[in-house]
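This is upload06.txt. It holds compact mmCIF, C-alpha atoms.
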# COMPACT_ATOMS: atom_id res chain seq x y z
CA MET N 167 11.08 -22.61 9.37
CA ARG N 168 13.42 -22.99 6.42
CA SER N 169 11.60 -26.08 5.26
CA GLN N 170 11.98 -27.66 1.85
CA PHE N 171 8.27 -28.06 1.07
CA ASP N 172 5.18 -25.92 1.20
CA SER N 173 2.74 -26.89 3.90
CA PRO N 174 -0.80 -26.39 2.53
CA ILE N 175 -2.28 -26.26 6.01
CA ILE N 176 -0.16 -23.28 7.06
CA VAL N 177 -0.83 -21.44 3.79
CA LEU N 178 -4.57 -22.05 4.06
CA GLY N 179 -4.63 -20.97 7.71
CA ALA N 180 -2.77 -17.76 6.97
CA ARG N 181 -5.00 -16.98 4.01
CA LEU N 182 -8.10 -17.61 6.12
CA LEU N 183 -6.93 -15.47 9.02
CA THR N 184 -5.45 -12.46 7.23
CA PRO N 185 -8.62 -10.69 5.97
CA TYR N 186 -10.21 -10.75 9.41
CA ILE N 187 -7.11 -9.24 11.04
CA MET N 188 -7.09 -6.52 8.35
CA VAL N 189 -10.78 -5.68 8.86
CA PHE N 190 -10.24 -5.50 12.61
CA GLY N 191 -7.26 -3.20 12.10
CA LEU N 192 -9.34 -0.87 9.92
CA TYR N 193 -12.09 -0.92 12.58
CA VAL N 194 -9.58 0.02 15.27
CA ILE N 195 -8.22 2.91 13.17
CA PHE N 196 -11.61 4.37 12.23
CA HIS N 197 -13.11 4.02 15.72
CA GLY N 198 -10.00 5.25 17.51
CA HIS N 199 -11.46 8.54 18.66
CA TYR N 200 -14.19 7.15 20.89
CA SER N 201 -13.00 3.68 21.86
CA PRO N 202 -9.67 2.10 22.87
CA GLY N 203 -7.15 1.87 20.10
CA GLY N 204 -6.15 4.36 17.46
CA GLY N 205 -3.73 4.84 14.65
CA PHE N 206 -0.77 3.04 16.20
CA GLN N 207 -2.63 -0.09 17.30
CA GLY N 208 -4.62 -0.33 14.08
CA GLY N 209 -1.54 0.16 11.95
CA THR N 210 0.23 -2.56 13.89
CA LEU N 211 -2.68 -4.93 13.29
CA LEU N 212 -2.53 -4.22 9.54
CA ALA N 213 1.22 -4.84 9.64
CA ALA N 214 0.66 -8.13 11.52
CA ALA N 215 -1.69 -9.30 8.76
CA VAL N 216 0.84 -8.44 6.04
CA LEU N 217 3.69 -10.08 7.99
CA LEU N 218 1.64 -13.24 8.52
CA ILE N 219 1.33 -13.69 4.75
CA ARG N 220 5.02 -12.88 4.33
CA VAL N 221 6.14 -15.47 6.89
CA ALA N 222 3.72 -18.18 5.80
CA THR N 223 3.93 -18.12 2.01
CA GLY N 224 7.21 -16.50 1.04
CA ARG N 225 8.01 -13.98 -1.64
CA ARG N 226 6.18 -15.58 -4.56
CA VAL N 227 2.75 -14.89 -3.06
CA SER N 228 3.51 -11.91 -0.83
CA ARG N 229 4.76 -9.71 -3.65
CA LEU N 230 1.18 -9.68 -4.93
CA GLN N 231 0.11 -7.93 -1.73
CA ILE N 232 2.63 -5.17 -0.99
CA GLN N 233 5.83 -4.96 -2.98
CA GLU N 234 9.06 -4.23 -1.15
CA PHE N 235 9.70 -0.92 -2.93
CA ALA N 236 6.22 0.32 -2.00
CA THR N 237 6.81 0.51 1.75
CA THR N 238 8.95 3.64 1.86
CA PRO N 239 6.55 5.81 -0.22
CA LEU N 240 3.61 4.61 1.92
CA ALA N 241 5.40 5.64 5.11
CA VAL N 242 6.28 9.02 3.63
CA ILE N 243 2.65 9.55 2.55
CA GLY N 244 1.47 8.79 6.11
CA VAL N 245 3.88 11.28 7.66
CA ILE N 246 2.92 13.89 5.04
CA ILE N 247 -0.79 13.44 5.89
CA TYR N 248 0.01 14.04 9.57
CA PHE N 249 2.11 17.16 9.07
CA ALA N 250 -0.10 18.59 6.28
CA THR N 251 -3.07 18.52 8.65
CA GLY N 252 -1.05 20.21 11.37
CA PHE N 253 0.34 22.93 9.12
CA ALA N 254 -3.02 23.53 7.38
CA VAL N 255 -4.33 24.57 10.77
CA MET N 256 -1.33 26.86 11.29
CA ILE N 257 -1.97 28.56 7.92
CA THR N 258 -5.47 29.58 8.99
CA GLY N 259 -4.17 31.10 12.21
CA GLY N 260 -4.45 28.39 14.85
CA TYR N 261 -1.86 26.41 16.76
CA PHE N 262 -0.19 23.24 15.41
CA LEU N 263 -2.76 20.38 15.30
CA ASP N 264 -5.54 22.58 16.69
CA TYR N 265 -8.27 20.78 14.73
CA GLY N 266 -11.01 23.32 15.50
CA GLN N 267 -9.72 25.67 12.81
CA LEU N 268 -9.23 23.30 9.90
CA PRO N 269 -9.89 25.10 6.59
CA ILE N 270 -12.93 23.05 5.59
CA PRO N 271 -15.91 25.34 4.82
CA GLY N 272 -19.35 24.65 6.18
CA MET N 273 -18.54 22.62 9.32
CA ASP N 274 -18.83 23.71 12.93
CA PRO N 275 -15.80 23.23 15.22
CA VAL N 276 -17.11 20.06 16.89
CA TRP N 277 -17.27 18.20 13.59
CA LEU N 278 -13.96 19.74 12.58
CA ARG N 279 -12.26 18.23 15.64
CA TYR N 280 -13.91 14.87 14.90
CA THR N 281 -12.71 14.88 11.29
CA GLY N 282 -9.25 16.18 12.18
CA ILE N 283 -8.52 13.35 14.59
CA LEU N 284 -9.78 10.86 12.00
CA ILE N 285 -7.41 12.22 9.31
CA ILE N 286 -4.49 12.20 11.74
CA GLU N 287 -5.14 8.58 12.69
CA VAL N 288 -5.34 7.43 9.08
CA GLY N 289 -1.90 9.00 8.51
CA ILE N 290 -0.41 7.42 11.63
CA GLY N 291 -1.82 3.99 10.75
CA LEU N 292 -0.40 4.13 7.22
CA ALA N 293 3.05 5.16 8.47
CA VAL N 294 3.20 2.52 11.23
CA MET N 295 2.09 -0.29 8.92
CA ALA N 296 4.58 0.62 6.20
CA ILE N 297 7.50 1.01 8.61
CA LEU N 298 6.89 -2.31 10.38
CA VAL N 299 6.71 -4.13 7.03
CA MET N 300 9.88 -2.28 5.97
CA ILE N 301 11.72 -3.47 9.10
CA PHE N 302 10.74 -7.07 8.31
CA ASP N 303 11.82 -6.77 4.67
CA ASN N 304 15.17 -5.31 5.64
CA MET N 305 15.71 -8.04 8.24
CA VAL N 306 15.16 -10.99 5.91
CA LYS N 307 17.36 -9.31 3.26
CA GLY N 308 15.60 -10.92 0.31
CA GLU N 309 15.82 -14.49 1.58
CA ASP N 310 12.74 -16.64 1.32
CA TYR N 311 11.34 -17.93 4.57
CA ALA N 312 8.62 -20.25 3.39
CA MET O 112 -11.84 -8.67 38.99
CA ILE O 113 -11.99 -12.09 40.61
CA TRP O 114 -8.82 -12.40 42.67
CA GLU O 115 -8.45 -16.16 42.14
CA LEU O 116 -8.29 -15.62 38.39
CA GLU O 117 -5.69 -12.89 38.81
CA LEU O 118 -3.63 -15.19 41.02
CA ILE O 119 -3.67 -17.87 38.32
CA LEU O 120 -2.63 -15.26 35.74
CA TYR O 121 0.27 -14.07 37.90
CA LEU O 122 1.36 -17.69 38.41
CA PHE O 123 1.38 -18.37 34.66
CA LEU O 124 3.23 -15.06 34.14
CA VAL O 125 6.08 -16.11 36.45
CA ILE O 126 6.19 -19.63 35.00
CA SER O 127 6.36 -18.43 31.37
CA GLY O 128 9.07 -15.91 32.24
CA LEU O 129 11.19 -18.55 33.98
CA VAL O 130 10.74 -21.01 31.10
CA ALA O 131 11.76 -18.31 28.60
CA LEU O 132 14.92 -17.69 30.60
CA LYS O 133 15.93 -21.29 31.24
CA VAL O 134 15.04 -23.16 28.06
CA ARG O 135 17.75 -24.19 25.57
CA ASP O 136 15.76 -23.98 22.34
CA LEU O 137 15.55 -20.34 21.25
CA LEU O 138 12.28 -20.84 19.34
CA VAL O 139 10.60 -22.06 22.54
CA ALA O 140 11.98 -18.98 24.31
CA VAL O 141 10.43 -16.71 21.66
CA VAL O 142 7.05 -18.41 21.99
CA MET O 143 7.26 -18.13 25.78
CA MET O 144 8.01 -14.40 25.42
CA SER O 145 4.81 -14.08 23.37
CA VAL O 146 2.86 -15.93 26.05
CA TYR O 147 4.37 -13.63 28.70
CA SER O 148 3.31 -10.55 26.73
CA PHE O 149 -0.21 -11.84 26.26
CA ILE O 150 -0.71 -12.61 29.96
CA MET O 151 0.73 -9.17 30.71
CA ALA O 152 -1.90 -7.67 28.37
CA LEU O 153 -4.67 -9.57 30.16
CA LEU O 154 -3.43 -8.21 33.50
CA PHE O 155 -3.30 -4.66 32.13
CA VAL O 156 -6.91 -4.97 30.93
CA SER O 157 -8.00 -6.38 34.28
CA MET O 158 -6.45 -3.35 36.00
CA GLY O 159 -8.46 -0.96 33.81
CA ALA O 160 -5.78 0.15 31.32
CA VAL O 161 -7.50 -1.09 28.17
CA ASP O 162 -5.41 0.97 25.78
CA VAL O 163 -2.09 -0.17 27.25
CA GLY O 164 -3.27 -3.79 27.23
CA PHE O 165 -4.34 -3.52 23.60
CA THR O 166 -0.96 -2.13 22.58
CA GLU O 167 0.88 -4.81 24.56
CA ALA O 168 -1.15 -7.62 22.98
CA VAL O 169 -0.64 -6.32 19.44
CA ILE O 170 3.03 -5.39 19.72
CA GLY O 171 4.38 -7.89 22.23
CA ALA O 172 2.44 -10.98 21.19
CA GLY O 173 2.20 -10.19 17.47
CA VAL O 174 4.89 -8.27 15.67
CA THR O 175 7.75 -8.77 18.12
CA GLY O 176 7.25 -12.54 17.97
CA ILE O 177 7.59 -12.54 14.17
CA LEU O 178 10.70 -10.34 14.27
CA PHE O 179 12.32 -12.53 16.97
CA VAL O 180 11.64 -15.67 14.91
CA VAL O 181 13.40 -14.04 11.94
CA VAL O 182 16.35 -13.15 14.19
CA VAL O 183 16.56 -16.71 15.54
CA TYR O 184 16.70 -18.14 12.03
CA GLN O 185 19.35 -15.67 10.90
CA THR O 186 21.79 -16.44 13.71
CA THR O 187 23.65 -19.69 14.25
CA ARG O 188 24.80 -21.36 17.41
CA LYS O 189 28.56 -21.87 17.56
CA SER O 190 28.91 -24.25 20.50
CA LYS O 191 27.13 -27.59 20.81
CA ASP O 192 25.32 -27.35 24.12
Let me see the file written as structure tokens.
Amino acid sequence: MRSQFDSPIIVLGARLLTPYIMVFGLYVIFHGHYSPGGGFQGGTLLAAAVLLIRVATGRRVSRLQIQEFATTPLAVIGVIIYFATGFAVMITGGYFLDYGQLPIPGMDPVWLRYTGILIIEVGIGLAVMAILVMIFDNMVKGEDYA
Amino acid sequence: MIWELELILYLFLVISGLVALKVRDLLVAVVMMSVYSFIMALLFVSMGAVDVGFTEAVIGAGVTGILFVVVVYQTTRKSKD
């Protein structure tokens, strides 16, 4: 893998494949409440797309996508989305993560549960993607692998 | 599920696991681990656990393979065997 030249075929293949993996990951996250999949699987698919670019093209191209210092804040934002939803329900008098009592005016409890699970899964997907990319960045320790 | 197809999948599962254990080149072992995970995911789906199979395919055949490749290239082999 530590080759001395850039292979255009590998770079082109990775660039061709990455957007479709990302779109499929977003589909899995946003359809997680009535089909197989969910936040964890969708976040892992997004992370696989980012890692494919990182392995195939090296730092020069991949820093245009997600910078290394941006992974920790993204993970923290995901976790904060999860816990903010849970505690917002507790403020209005329900149990932790009891989506039926979310403080959004003008929605009946069925739609509140629907929306609550969707918000939770967006947070989980963001946190999983950022943490998997962070593990990869900490493993290569700044070396270039392209 | 067609039982002949499942038998072929089980056969490939055992073969890929044995190859991953016995082979000398570590990169080949990593690729064989990915193949093992993917056949495992197919078997999970055929048994009705779609969610488990999805997770196995994404984690085992995707991200773990990349992380293992990085580990292989960061370690060196001391002895010449």
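The interatomic distance for the pair CA of Leu240 (chain N) and CA of Gly203 (chain N) works out to 21.3 Å.
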Exercise. Starting from the point (7.6, 0.3, 2.6), work out which residues of protein, DNA or RNA have an atom no more than 6 Å away when counting only C-alpha atoms; state them as an MDAnalysis selection string.
Key: chainID N and resid 236:238 240 296 300
Quiz item: Quick one: which residues from chain O are at most 10 Å off chain N, using only C-alpha atoms, as a list in words?
Solution: Ala160, Val161, Asp162, Val163, Gly164, Phe165, Thr166, Glu167, Ala168, Val169, Ile170, Gly173, Val174, Thr175, Ile177, Leu178, Val180, Val181, Val182, Tyr184 and Gln185 of chain O
Quiz item: Skipping near chain neighbours, those fewer than 4 positions away, what residues fall within 12 Å of Tyr200 (chain N) using all atoms listed in the file, listed as JSON, numbers by chain?
Solution: {"N": [193, 194, 195, 196, 204, 280, 283, 284], "O": [162]}
Exercise. Rounded to one decimal place, report the CA of Ile285 (chain N)-CA of Gly260 (chain N) distance in Å.
Key: 17.3 Å
Self-check item: Close residues, Phe249 (chain N) itself excluded, 10 Å, only C-alpha atoms, min 5 positions apart in chain, as a list in words
Solution: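 These residues fall inside the cut-off: Gly244, Ala254, Val255, Phe262, Leu263, Ile286 and Gly289 of chain N.
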Exercise. Write out as JSON, numbers by chain the residues lying within 9 Å of region 133-143 of chain O, counting only C-alpha atoms and excluding same-chain residues fewer than 6 positions away.
Key: {"O": [127, 172, 176, 179, 180, 183, 184, 192]}
Practice problem: Select, from O:Lys189, O:Val146, O:Gly159, O:Met112, the residue with the minimum atom-to-atom distance to Ile126 (chain O), counting all atoms listed in the file. | Solution: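 Smallest separation from Ile126 (chain O) among the options: O:Val146.
With CA of Leu132 (chain O) on one side and CA of Trp114 (chain O) on the other, the separation reads 27.2 Å.
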Could you write out as lines of an AutoDock Vina configuration file the box around region 270-274 of chain N (axis-aligned, all atoms listed in the file, 5 Å on each side), with centre and edge lengths in Å to one decimal?
center_x = -16.1
center_y = 24.0
center_z = 8.9
size_x = 16.4
size_y = 12.7
size_z = 18.1
Quiz item: Could you pull the residues within 10 Å of region 172-186 of chain N, counting all atoms listed in the file, minus those fewer than 3 positions along the same chain, as a PyMOL selection string?
Solution: chain N and resi 169+189-192+212+214-224+312
Exercise. Excluding Leu124 (chain O) and residues on its chain fewer than 4 positions from it, collect all residues at most 9 Å away from it, counting only C-alpha atoms, and give them as JSON, numbers by chain.
Key: {"O": [119, 120, 128, 129, 146, 147, 148, 150, 151]}
Practice problem: Give the answer as one residue: which of N:Lys307, N:Gly282, N:Arg229, N:Met188 has the shortest atom-to-atom distance to Ile247 (chain N), using all atoms listed in the file? | Solution: N:Gly282
